[in-house]
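For reference, the structure discussed in these notes is given below.
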Amino acid sequence: MLSRADSLKSDDILAWCEYFLLGLKNEIEKIDSLLNKEYVKKQILLPTLVLARESKQIADQEFKILEYLINKDDMAMKSEELSFLGITDSKKKAVVMGKLKEKNIVVPVTEGGRIYTIRFVNNYLLRGIMKILKEKGFVSDFLNNN
């Protein structure tokens with residue numbers, strides 16, 4: 001397309017400008033989508049959890065906990081909130097959160113803290129994020145092929 005514009009003909013330059021601006025518009029729309037919390041939650045994060053559960057990387061209980069975390073406004077929770085799953089014993093709550101921390105899919109918000117948030121990097125959830133982003137067109141063909 002750029003070589004066509006090298007002809008310096010008005011129609012060819014206009015066609016190249018249109019091509020360039022359309023690409024720019026598409027990239028801005030992608031960024032705008034990623035800045036929309038609801039879009040990211042419903043179209044990227046929750047489908048990532050579904051993929052992880054379907055591939056047996058996380059158990060149903062872990063799925064429910066992570067889904068709960070994603071749906072919270074601040075995406076943070078204390079282990080005492082596990083009572084929504086019927087876990088009432090403090091030791092059991094500590095064991096469940098300990099397993100999630102071991103798997104590196106939840107981390108304390110502050111070092112040594114007891115409020116946790118979900119983590120998508122340095123674990124198998126990142127593969128799911130990348131797969132969903134690729135399916136949604138956020139990963140360019142250049143990166144897919146190289």
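By order in the structure tokens, chains are A, B, ...; within a chain, residues start at 1; ligands start at 1, following the order shown.
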
Quiz item: Neighbours of region 73-88 of chain A within 8 Å (only C-alpha atoms; same-chain residues fewer than 5 positions away dropped), as a list in words?
Solution: Ile65, Lys93, Ala94, Met97, Val109, Arg114, Ile115, Tyr116, Thr117 and Ile118 of chain A

Requested write-out: C-alpha atoms of the selected residues, as a short mmCIF file (atom, residue, chain, number, x, y, z; two decimals), in the first residue's frame:
data_model
loop_
_atom_site.label_atom_id
_atom_site.label_comp_id
_atom_site.auth_asym_id
_atom_site.auth_seq_id
_atom_site.Cartn_x
_atom_site.Cartn_y
_atom_site.Cartn_z
CA ILE A 65 -12.95 -18.02 44.29
CA LYS A 93 -9.81 -20.98 54.84
CA ALA A 94 -6.07 -20.62 55.45
CA MET A 97 -5.81 -19.52 50.34
CA VAL A 109 -1.99 -6.80 47.83
CA ARG A 114 -3.80 -10.72 54.33
CA ILE A 115 -5.80 -9.11 51.56
CA TYR A 116 -5.35 -10.97 48.28
CA THR A 117 -5.86 -10.28 44.60
CA ILE A 118 -5.74 -12.45 41.51
#

Quiz prompt | Members of chain A assigned alpha helix (DSSP H) by DSSP, as an MDAnalysis selection string | solution = chainID A and resid 2:5 10:34 37:39 46:54 60:71 90:102 125:135 141:145

Rows by chain and residue number, region 101-130 of chain A within 12 Å of region 54-62 of chain A, shortest pair, only C-alpha atoms, as a Markdown table:
| residue | atom | partner | partner_atom | distance |
| --- | --- | --- | --- | --- |
| A:Lys101 | CA | A:Glu62 | CA | 11.3 |
| A:Lys103 | CA | A:Ile58 | CA | 9.6 |
| A:Asn104 | CA | A:Ile58 | CA | 11.9 |
| A:Ile105 | CA | A:Glu62 | CA | 9.6 |
| A:Val106 | CA | A:Glu62 | CA | 10.4 |
| A:Ile118 | CA | A:Glu62 | CA | 11.1 |
| A:Asn123 | CA | A:Gln57 | CA | 10.2 |
| A:Tyr124 | CA | A:Gln57 | CA | 7.5 |
| A:Leu125 | CA | A:Gln57 | CA | 8.5 |
| A:Leu126 | CA | A:Gln57 | CA | 11.8 |
| A:Arg127 | CA | A:Gln57 | CA | 11.1 |
| A:Gly128 | CA | A:Ser55 | CA | 10.1 |

Written selection (C-alpha atoms) as a PDB file, in the first residue's frame:
ATOM      1  CA  LYS A 101      -0.801 -18.652  46.871  1.00  0.00           C
ATOM      2  CA  LYS A 103      -0.028 -21.901  42.666  1.00  0.00           C
ATOM      3  CA  ASN A 104       0.848 -18.206  42.347  1.00  0.00           C
ATOM      4  CA  ILE A 105      -2.673 -17.284  41.223  1.00  0.00           C
ATOM      5  CA  VAL A 106      -3.413 -15.062  44.202  1.00  0.00           C
ATOM      6  CA  ILE A 118      -5.736 -12.452  41.507  1.00  0.00           C
ATOM      7  CA  ASN A 123       1.354 -18.949  35.987  1.00  0.00           C
ATOM      8  CA  TYR A 124      -0.833 -20.918  33.591  1.00  0.00           C
ATOM      9  CA  LEU A 125      -3.542 -18.226  33.591  1.00  0.00           C
ATOM     10  CA  LEU A 126      -1.278 -16.062  31.412  1.00  0.00           C
ATOM     11  CA  ARG A 127      -1.590 -18.589  28.566  1.00  0.00           C
ATOM     12  CA  GLY A 128      -5.353 -18.242  28.772  1.00  0.00           C
TER      13      GLY A 128
END

Practice problem: Identify all residues of chain A in strand (DSSP E) (DSSP on the backbone) and supply them as a PyMOL selection string. | Solution: chain A and resi 76-78+106-108+115-118

Quiz item: To one decimal place, how far is CA of Lys72 (chain A) from CA of Asn26 (chain A) in Å?
Solution: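 About the pair CA of Lys72 (chain A) and CA of Asn26 (chain A): they are 30.0 Å apart.
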
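Distances to Lys37 (chain A) were evaluated for A:Asn71, A:Phe138, A:Leu14, A:Ser7 using only C-alpha atoms, and the minimum falls at A:Asn71.
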
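One finds CA of Ile31 (chain A) at 17.5 Å from CA of Lys131 (chain A).
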
Quiz item: How far is it from CA of Trp16 (chain A) to CA of Leu133 (chain A), in Å with one decimal?
Solution: 27.8 Å
